[in-house]
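Structure file work.pdb (PDB, C-alpha atoms) is printed below.
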```pdb
MODEL        1
ATOM      1  CA  MET A   1      81.056  20.903  88.507
ATOM      2  CA  THR A   2      79.704  17.469  87.630
ATOM      3  CA  SER A   3      80.247  15.900  84.232
ATOM      4  CA  ALA A   4      77.499  14.540  81.993
ATOM      5  CA  ASP A   5      78.572  10.996  82.947
ATOM      6  CA  GLU A   6      78.128  11.779  86.650
ATOM      7  CA  CYS A   7      74.644  13.196  86.028
ATOM      8  CA  ARG A   8      73.577  10.303  83.800
ATOM      9  CA  PRO A   9      70.981   8.030  85.452
ATOM     10  CA  PRO A  10      71.721   4.289  85.543
ATOM     11  CA  ILE A  11      70.413   2.219  82.652
ATOM     12  CA  ASP A  12      67.164   0.459  83.547
ATOM     13  CA  ARG A  13      67.869  -3.190  82.718
ATOM     14  CA  ARG A  14      64.200  -4.163  82.881
ATOM     15  CA  GLU A  15      63.248  -1.567  80.278
ATOM     16  CA  ALA A  16      66.185  -2.528  78.032
ATOM     17  CA  ILE A  17      65.170  -6.200  78.185
ATOM     18  CA  ARG A  18      61.526  -5.321  77.523
ATOM     19  CA  ARG A  19      62.450  -3.296  74.444
ATOM     20  CA  VAL A  20      64.785  -5.919  72.991
ATOM     21  CA  ALA A  21      62.161  -8.627  73.598
ATOM     22  CA  ALA A  22      59.608  -6.476  71.765
ATOM     23  CA  ILE A  23      61.986  -6.079  68.812
ATOM     24  CA  LEU A  24      62.440  -9.846  68.635
ATOM     25  CA  GLY A  25      58.766 -10.584  69.164
ATOM     26  CA  GLY A  26      59.112 -12.675  72.303
ATOM     27  CA  THR A  27      60.883 -13.242  75.598
ATOM     28  CA  LEU A  28      64.658 -13.142  75.893
ATOM     29  CA  VAL A  29      66.561 -16.315  76.651
ATOM     30  CA  GLY A  30      67.565 -16.187  80.312
ATOM     31  CA  GLY A  31      65.126 -13.333  80.959
ATOM     32  CA  PRO A  32      64.508 -13.998  84.674
ATOM     33  CA  ALA A  33      68.251 -14.297  85.352
ATOM     34  CA  LEU A  34      68.931 -11.101  83.395
ATOM     35  CA  LEU A  35      66.322  -9.231  85.428
ATOM     36  CA  ALA A  36      67.664 -10.605  88.688
ATOM     37  CA  GLY A  37      71.207  -9.541  87.882
ATOM     38  CA  CYS A  38      72.460 -13.046  87.000
ATOM     39  CA  ARG A  39      74.162 -15.316  89.501
ATOM     40  CA  PRO A  40      77.159 -14.585  91.697
ATOM     41  CA  ALA A  41      80.517 -15.564  90.259
ATOM     42  CA  GLY A  42      81.468 -19.126  91.086
ATOM     43  CA  THR A  43      77.920 -20.450  91.494
ATOM     44  CA  GLY A  44      76.006 -22.633  89.082
ATOM     45  CA  ALA A  45      77.857 -23.145  85.803
ATOM     46  CA  ALA A  46      81.549 -22.341  85.594
ATOM     47  CA  SER A  47      81.993 -18.571  85.533
ATOM     48  CA  GLU A  48      85.453 -18.565  83.983
ATOM     49  CA  GLY A  49      87.036 -20.045  80.905
ATOM     50  CA  LEU A  50      83.930 -20.518  78.737
ATOM     51  CA  PHE A  51      85.177 -18.154  76.033
ATOM     52  CA  GLY A  52      88.722 -17.471  74.900
ATOM     53  CA  PRO A  53      89.986 -14.360  73.060
ATOM     54  CA  ALA A  54      89.430 -15.954  69.640
ATOM     55  CA  GLU A  55      85.796 -16.773  70.457
ATOM     56  CA  ILE A  56      85.170 -13.269  71.801
ATOM     57  CA  GLY A  57      86.712 -11.891  68.611
ATOM     58  CA  LEU A  58      84.335 -14.037  66.562
ATOM     59  CA  LEU A  59      81.385 -12.822  68.642
ATOM     60  CA  ASP A  60      82.486  -9.236  67.974
ATOM     61  CA  GLU A  61      82.456  -9.868  64.221
ATOM     62  CA  ILE A  62      79.025 -11.521  64.378
ATOM     63  CA  ALA A  63      77.661  -8.589  66.386
ATOM     64  CA  GLU A  64      79.249  -6.083  64.001
ATOM     65  CA  THR A  65      77.553  -7.809  61.067
ATOM     66  CA  ILE A  66      74.206  -7.508  62.846
ATOM     67  CA  LEU A  67      74.816  -3.875  63.912
ATOM     68  CA  PRO A  68      77.561  -2.453  61.676
ATOM     69  CA  ALA A  69      79.163   0.951  61.999
ATOM     70  CA  THR A  70      77.335   3.561  59.930
ATOM     71  CA  GLY A  71      77.081   7.190  60.991
ATOM     72  CA  THR A  72      77.623   5.907  64.527
ATOM     73  CA  PRO A  73      80.008   3.227  65.883
ATOM     74  CA  GLY A  74      78.892  -0.375  65.537
ATOM     75  CA  ALA A  75      78.625  -3.290  67.931
ATOM     76  CA  LYS A  76      82.331  -4.094  67.804
ATOM     77  CA  ALA A  77      83.241  -0.629  69.089
ATOM     78  CA  ALA A  78      80.792  -1.174  71.951
ATOM     79  CA  LYS A  79      82.609  -4.441  72.843
ATOM     80  CA  VAL A  80      79.449  -6.464  72.424
ATOM     81  CA  GLY A  81      81.480  -9.671  72.030
ATOM     82  CA  GLU A  82      82.728  -9.351  75.605
ATOM     83  CA  PHE A  83      79.202  -8.567  76.758
ATOM     84  CA  MET A  84      77.804 -11.697  75.110
ATOM     85  CA  ALA A  85      80.514 -13.898  76.609
ATOM     86  CA  LEU A  86      79.838 -12.493  80.079
ATOM     87  CA  MET A  87      76.067 -12.876  79.851
ATOM     88  CA  VAL A  88      76.231 -16.437  78.542
ATOM     89  CA  THR A  89      78.743 -17.363  81.245
ATOM     90  CA  ASP A  90      76.898 -15.781  84.160
ATOM     91  CA  CYS A  91      73.225 -15.768  83.139
ATOM     92  CA  TYR A  92      72.532 -18.830  80.995
ATOM     93  CA  ASP A  93      71.977 -22.314  82.352
ATOM     94  CA  GLU A  94      74.294 -25.126  81.324
ATOM     95  CA  ARG A  95      72.069 -26.330  78.473
ATOM     96  CA  ASP A  96      71.833 -22.887  76.864
ATOM     97  CA  GLN A  97      75.556 -22.313  77.389
ATOM     98  CA  ARG A  98      76.269 -25.530  75.520
ATOM     99  CA  ILE A  99      73.851 -24.657  72.701
ATOM    100  CA  PHE A 100      75.370 -21.181  72.359
ATOM    101  CA  ARG A 101      78.963 -22.402  72.254
ATOM    102  CA  GLU A 102      78.200 -25.268  69.881
ATOM    103  CA  GLY A 103      76.236 -22.820  67.742
ATOM    104  CA  LEU A 104      79.271 -20.561  67.532
ATOM    105  CA  GLN A 105      81.237 -23.476  66.072
ATOM    106  CA  GLN A 106      78.378 -24.367  63.711
ATOM    107  CA  LEU A 107      78.196 -20.793  62.442
ATOM    108  CA  ASP A 108      81.908 -20.724  61.745
ATOM    109  CA  GLN A 109      81.731 -24.096  59.993
ATOM    110  CA  ALA A 110      78.811 -22.887  57.878
ATOM    111  CA  SER A 111      80.998 -19.987  56.769
ATOM    112  CA  ARG A 112      83.794 -22.377  55.828
ATOM    113  CA  ASN A 113      81.336 -24.545  53.894
ATOM    114  CA  GLY A 114      79.717 -21.619  52.113
ATOM    115  CA  SER A 115      82.568 -19.229  51.378
ATOM    116  CA  GLY A 116      85.603 -21.380  51.992
ATOM    117  CA  VAL A 117      86.956 -19.317  54.886
ATOM    118  CA  PRO A 118      86.191 -18.844  58.598
ATOM    119  CA  PHE A 119      83.543 -16.236  59.387
ATOM    120  CA  ILE A 120      86.124 -13.772  60.658
ATOM    121  CA  GLN A 121      87.845 -13.848  57.234
ATOM    122  CA  ALA A 122      84.685 -13.817  55.129
ATOM    123  CA  ALA A 123      83.693 -10.871  52.959
ATOM    124  CA  PRO A 124      80.980  -8.578  54.392
ATOM    125  CA  ALA A 125      78.452  -9.736  51.786
ATOM    126  CA  ASP A 126      79.077 -13.389  52.653
ATOM    127  CA  ARG A 127      78.763 -12.665  56.372
ATOM    128  CA  THR A 128      75.472 -10.861  55.852
ATOM    129  CA  ALA A 129      74.090 -13.628  53.628
ATOM    130  CA  LEU A 130      74.964 -16.286  56.209
ATOM    131  CA  LEU A 131      73.450 -14.419  59.161
ATOM    132  CA  THR A 132      70.337 -13.586  57.131
ATOM    133  CA  ALA A 133      69.855 -17.284  56.400
ATOM    134  CA  LEU A 134      70.419 -18.161  60.072
ATOM    135  CA  ASP A 135      67.898 -15.522  61.122
ATOM    136  CA  ARG A 136      65.263 -17.065  58.855
ATOM    137  CA  GLU A 137      66.147 -20.466  60.283
ATOM    138  CA  GLN A 138      65.797 -19.313  63.901
ATOM    139  CA  ARG A 139      62.470 -17.611  63.189
ATOM    140  CA  THR A 140      61.045 -20.839  61.787
ATOM    141  CA  PHE A 141      62.550 -22.806  64.669
ATOM    142  CA  THR A 142      61.194 -20.389  67.293
ATOM    143  CA  ALA A 143      57.712 -20.341  65.747
ATOM    144  CA  SER A 144      57.378 -24.111  66.210
ATOM    145  CA  ARG A 145      59.191 -24.263  69.557
ATOM    146  CA  THR A 146      57.211 -25.328  72.630
ATOM    147  CA  GLU A 147      57.999 -24.544  76.246
ATOM    148  CA  GLY A 148      60.912 -26.612  77.475
ATOM    149  CA  ASP A 149      62.433 -27.063  74.017
ATOM    150  CA  PRO A 150      65.966 -25.717  73.495
ATOM    151  CA  HIS A 151      66.457 -22.272  71.998
ATOM    152  CA  HIS A 152      68.098 -21.647  68.633
ATOM    153  CA  TYR A 153      71.632 -20.422  69.093
ATOM    154  CA  PHE A 154      71.325 -17.569  66.614
ATOM    155  CA  ARG A 155      68.350 -16.128  68.459
ATOM    156  CA  MET A 156      70.549 -15.962  71.556
ATOM    157  CA  MET A 157      73.307 -14.221  69.609
ATOM    158  CA  LYS A 158      70.955 -11.729  68.019
ATOM    159  CA  GLU A 159      69.149 -10.740  71.196
ATOM    160  CA  LEU A 160      72.367 -10.414  73.201
ATOM    161  CA  THR A 161      73.804  -8.247  70.429
ATOM    162  CA  LEU A 162      70.823  -5.899  70.629
ATOM    163  CA  LEU A 163      70.759  -5.881  74.419
ATOM    164  CA  GLY A 164      74.525  -5.343  74.687
ATOM    165  CA  TYR A 165      74.625  -2.544  72.132
ATOM    166  CA  PHE A 166      71.607  -0.580  73.267
ATOM    167  CA  THR A 167      72.663  -0.668  76.920
ATOM    168  CA  SER A 168      76.261   0.361  76.109
ATOM    169  CA  GLU A 169      77.463   3.948  76.358
ATOM    170  CA  ILE A 170      77.810   4.088  72.574
ATOM    171  CA  GLY A 171      74.335   2.688  72.009
ATOM    172  CA  VAL A 172      72.699   5.006  74.521
ATOM    173  CA  THR A 173      74.513   8.246  73.719
ATOM    174  CA  GLN A 174      75.335   7.925  70.004
ATOM    175  CA  ALA A 175      72.941   5.462  68.364
ATOM    176  CA  GLN A 176      70.100   7.056  70.340
ATOM    177  CA  ARG A 177      69.503  10.581  71.571
ATOM    178  CA  PHE A 178      70.281  11.131  75.225
ATOM    179  CA  ALA A 179      69.463  14.021  77.551
ATOM    180  CA  ALA A 180      71.735  13.639  80.592
ATOM    181  CA  VAL A 181      69.721  16.144  82.640
ATOM    182  CA  PRO A 182      66.324  16.659  81.001
ATOM    183  CA  GLY A 183      64.752  19.978  81.991
ATOM    184  CA  ARG A 184      61.230  18.614  82.138
ATOM    185  CA  PHE A 185      59.168  15.545  81.376
ATOM    186  CA  ASP A 186      57.427  15.731  78.027
ATOM    187  CA  PRO A 187      55.166  12.729  77.379
ATOM    188  CA  CYS A 188      54.621  13.640  73.719
ATOM    189  CA  VAL A 189      57.842  14.498  71.880
ATOM    190  CA  ASP A 190      57.605  15.181  68.155
ATOM    191  CA  PHE A 191      59.385  12.497  66.130
ATOM    192  CA  ARG A 192      60.230  12.817  62.458
ATOM    193  CA  PRO A 193      61.198   9.918  60.138
ATOM    194  CA  GLY A 194      64.950   9.309  60.194
ATOM    195  CA  GLU A 195      65.515  10.718  63.676
ATOM    196  CA  ARG A 196      67.200   8.608  66.329
ATOM    197  CA  ALA A 197      65.045   7.228  69.131
ATOM    198  CA  TRP A 198      65.410   8.687  72.620
ATOM    199  CA  ALA A 199      67.402   6.666  75.156
ATOM    200  CA  SER A 200      65.955   8.773  77.956
ATOM    201  CA  PRO A 201      62.972  11.108  78.412
ATOM    202  CA  ALA A 202      63.412  14.290  76.425
TER
ENDMDL
END
```
Target format structure tokens, applied to this file:
Amino acid sequence: MTSADECRPPIDRREAIRRVAAILGGTLVGGPALLAGCRPAGTGAASEGLFGPAEIGLLDEIAETILPATGTPGAKAAKVGEFMALMVTDCYDERDQRIFREGLQQLDQASRNGSGVPFIQAAPADRTALLTALDREQRTFTASRTEGDPHHYFRMMKELTLLGYFTSEIGVTQAQRFAAVPGRFDPCVDFRPGERAWASPA
């Protein structure tokens, strides 16, 4: 007898990227590389050593602030920090890698300046206030950005958080509704306010 995991179809990366881009109102940083499956290890930019455990821990806390645990596990439980580190290492070009990593330091310094402690030690309200301000900043930055200009680091963090979470097992099976073996295709499923979105056809 097969388990639900064995019957589960593979996640469609193209659809996940399309949905996250729609949420953010644009195209994801590194989109073509994400669609192509990124680059083989050891080619292009260095594929090892870009992020240490402390940086991955900080990324986890940033992701958890964006998508906290509620009735379902949050981004930290889905190991989104590791996902972000992997995607930046293997799918971003050297310029965007540098912007992302420098942005991580800037975010932590902004926390120290604002609340007197590193982000990882900051109170939830202070974390939320900081990321809300950074999100406003990146929206303004992105609105005036022209092709070829660098991306804002917080946009990268936000979109990788969404992509990592909603393509994780937790995001697909708990944050959304999932039918491992749907009995039929129904193009018009009733949806009531407050219900979770479907991660697969009902």
Practice prompt. Spell out the residues picked by the PyMOL selection byres ((chain A and resi 52) around 12) here, as a PyMOL selection string.
Written response: chain A and resi 48-51+53-59+81-82+85-86+89+101
Discussion item. Which residue is closest to Leu131 of chain A? Choose from A:Gly164, A:Gly74, A:Pro193, A:Gly114 and count all atoms listed in the file.
Written reply: A:Gly114
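Each of A:Asp190, A:Ile66, A:Val88, A:Pro73 was compared to Leu134 of chain A using all atoms listed in the file, and A:Ile66 turns out to be the nearest.
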Practice prompt. Take atom CA of Ser115 of chain A and atom CA of Lys76 of chain A and report the distance between them in Å, one decimal.
Written response: 22.3 Å
Discussion item. With distances taken over all atoms listed in the file, which residue among A:Gln106, A:Arg136, A:Arg112, A:Ala123 lies nearest Tyr153 of chain A?
Written reply: A:Gln106
Item to complete: Name the residues that the PyMOL selection byres ((chain A and resi 111) around 12) pulls out of this structure, and write them as a PyMOL selection string.
Response: chain A and resi 58+62+104-110+112-131+133-134
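Relative to atom CA of Thr65 of chain A, atom CA of Ser144 of chain A is found at 26.4 Å.
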Item to complete: Check which residues satisfy the PyMOL selection byres ((chain A and resi 75) around 6) in the file shown, then give them as number ranges by chain.
Response: A: 63-64, 67, 74, 76-78, 80, 165
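Of the residues under consideration (A:Met157, A:Ala143, A:Cys91, A:Leu163), A:Met157 shows the shortest atom-to-atom contact distance to Glu61 of chain A when counting all atoms listed in the file.
For the pair atom CA of Ala69 of chain A and atom CA of Glu169 of chain A, the interatomic distance is 14.8 Å.
Closest approach to Gln97 of chain A from the set A:Lys158, A:Lys79, A:Pro150, A:Ile170 is made by A:Pro150, with distances taken over only C-alpha atoms.
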Extract segment 52-66 of chain A from the coordinates I pasted, and write it as an mmCIF file, in the first residue's frame (atoms kept: C-alpha atoms).
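This is the output file result-v1.cif:
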```cif
data_model
loop_
_atom_site.group_PDB
_atom_site.id
_atom_site.type_symbol
_atom_site.label_atom_id
_atom_site.label_comp_id
_atom_site.auth_asym_id
_atom_site.auth_seq_id
_atom_site.Cartn_x
_atom_site.Cartn_y
_atom_site.Cartn_z
ATOM 1 C CA GLY A 52 27.198 30.154 8.216
ATOM 2 C CA PRO A 53 24.885 28.701 10.900
ATOM 3 C CA ALA A 54 24.417 32.098 12.571
ATOM 4 C CA GLU A 55 23.333 33.718 9.293
ATOM 5 C CA ILE A 56 20.931 30.870 8.526
ATOM 6 C CA GLY A 57 19.521 31.262 12.035
ATOM 7 C CA LEU A 58 18.991 34.970 11.381
ATOM 8 C CA LEU A 59 17.279 34.181 8.072
ATOM 9 C CA ASP A 60 14.984 31.766 9.920
ATOM 10 C CA GLU A 61 13.968 34.508 12.356
ATOM 11 C CA ILE A 62 13.354 36.992 9.531
ATOM 12 C CA ALA A 63 11.224 34.432 7.689
ATOM 13 C CA GLU A 64 9.323 33.569 10.872
ATOM 14 C CA THR A 65 8.513 37.251 11.378
ATOM 15 C CA ILE A 66 7.139 37.419 7.837
#
```
